[in-house]
Amino acid sequence: PANGQPATTAAVLTRSAQGLGSIVTDENGLTLYRYDKDEPNPSKWTCSGACTKTWLPVIVPESVQTSGVEKSLLGTVHRNGETQLTLAGWPLYRYVGDTAAGQTNGQGKDQEWYAVTPSGQKSSVTG
């Protein structure tokens, strides 16, 4: 997608990342992230404007396929008339700097952005 376009996904998967255990990706294998400034309960996103040019909100259709992620943990939050995917309440994003499956270039950015685990926790992945 072009910069500033939300990242649309129809499926979320779990995969093992080197040295970090399990993390969640979209159907193309691109890592999904959570942001410490967002809130899980109730779900609230705080990344907007310029932030969403770097961190692409994961926009989903009505139903999302899942593999390795507990369906009950998935949810959505409204964003400007669209539906952003949440995991354990945390809104999910893709990082514009990840261009290939398996990359985790956004991990630990600004000590606020972390790859998300299947339970919605921060991944302890290191680079």
# chains A, B, ... in the order shown; residues from 1 in each chain; ligands from 1

$ select_by_dssp --residues "chain A" --states "helix (DSSP H, G or I)" --output "NGL selection string"
:A and (51-54 or 71-73 or 109-111)

$ write_last_selection --atoms "C-alpha atoms" --output "PDB file, in the first residue's frame"
ATOM      1  CA  CYS A  51       2.166   8.687  13.170  1.00  0.00           C
ATOM      2  CA  THR A  52       0.053   6.604  10.786  1.00  0.00           C
ATOM      3  CA  LYS A  53       2.465   7.252   7.914  1.00  0.00           C
ATOM      4  CA  THR A  54       5.055   5.182   9.773  1.00  0.00           C
ATOM      5  CA  LYS A  71     -10.327 -15.768  18.172  1.00  0.00           C
ATOM      6  CA  SER A  72     -11.829 -14.491  21.425  1.00  0.00           C
ATOM      7  CA  LEU A  73      -8.845 -12.176  21.908  1.00  0.00           C
ATOM      8  CA  LYS A 109      11.150   1.697  18.482  1.00  0.00           C
ATOM      9  CA  ASP A 110      11.147   4.707  20.817  1.00  0.00           C
ATOM     10  CA  GLN A 111      10.717   2.169  23.643  1.00  0.00           C
TER      11      GLN A 111
END

$ closest_atom_pairs --of "segment 93-112 of chain A" --to "segment 7-16 of chain A" --cutoff "9 Å" --atoms "only C-alpha atoms" --output "tab-separated table"
residue	atom	partner	partner_atom	distance
A:Tyr93	CA	A:Ala7	CA	7.8
A:Arg94	CA	A:Ala7	CA	6.9
A:Gly102	CA	A:Arg15	CA	8.8

$ write_last_selection --atoms "C-alpha atoms" --output "CSV table (one decimal), in the first residue's frame"
chain,number,residue,atom,x,y,z
A,93,TYR,CA,-0.3,-1.7,13.4
A,94,ARG,CA,2.2,-2.6,10.7
A,102,GLY,CA,9.7,-12.0,9.1

$ closest_atom_pairs --of "segment 35-67 of chain A" --to "segment 115-126 of chain A" --cutoff "10 Å" --atoms "only C-alpha atoms" --output "tab-separated table"
residue	atom	partner	partner_atom	distance
A:Tyr35	CA	A:Ala115	CA	9.1
A:Asp36	CA	A:Lys122	CA	9.1
A:Pro40	CA	A:Gly120	CA	9.5
A:Ser67	CA	A:Pro118	CA	9.9

$ write_last_selection --atoms "all heavy atoms" --output "tab-separated table (two decimals), in the first residue's frame"
chain	number	residue	atom	x	y	z
A	35	TYR	N	1.29	-0.39	20.52
A	35	TYR	CA	1.86	0.90	20.91
A	35	TYR	C	1.54	1.16	22.37
A	35	TYR	O	0.37	1.13	22.77
A	35	TYR	CB	1.22	1.96	20.02
A	35	TYR	CG	1.70	3.38	20.19
A	35	TYR	CD1	3.01	3.69	20.50
A	35	TYR	CD2	0.80	4.44	19.99
A	35	TYR	CE1	3.43	5.02	20.63
A	35	TYR	CE2	1.21	5.77	20.10
A	35	TYR	CZ	2.52	6.04	20.42
A	35	TYR	OH	2.94	7.34	20.53
A	36	ASP	N	2.58	1.44	23.17
A	36	ASP	CA	2.39	1.62	24.61
A	36	ASP	C	1.43	2.75	24.97
A	36	ASP	O	0.83	2.74	26.04
A	36	ASP	CB	3.74	1.88	25.30
A	36	ASP	CG	4.51	0.59	25.56
A	36	ASP	OD1	3.98	-0.50	25.27
A	36	ASP	OD2	5.66	0.69	26.04
A	40	PRO	N	-5.84	-0.62	26.12
A	40	PRO	CA	-6.53	-1.85	25.77
A	40	PRO	C	-7.96	-1.95	26.31
A	40	PRO	O	-8.74	-2.74	25.81
A	40	PRO	CB	-5.65	-2.93	26.40
A	40	PRO	CG	-5.07	-2.27	27.61
A	40	PRO	CD	-4.90	-0.82	27.24
A	67	SER	N	-5.07	-18.02	12.73
A	67	SER	CA	-4.37	-19.28	12.91
A	67	SER	C	-3.36	-19.09	14.03
A	67	SER	O	-2.45	-18.27	13.90
A	67	SER	CB	-3.65	-19.65	11.60
A	67	SER	OG	-2.80	-20.75	11.84

$ atom_distance --atom1 "atom CA of Pro91 of chain A" --atom2 "atom CA of Pro61 of chain A"
14.9 Å

$ select_by_dssp --residues "chain A" --states "strand (DSSP E)" --output "MDAnalysis selection string"
chainID A and resid 7:8 11:17 21:26 32:35 39:40 43:44 55:59 65:67 74:79 82:87 90:91 93:95 113:115

$ atom_distance --atom1 "atom CA of Gly97 of chain A" --atom2 "atom CA of Pro57 of chain A"
13.8 Å
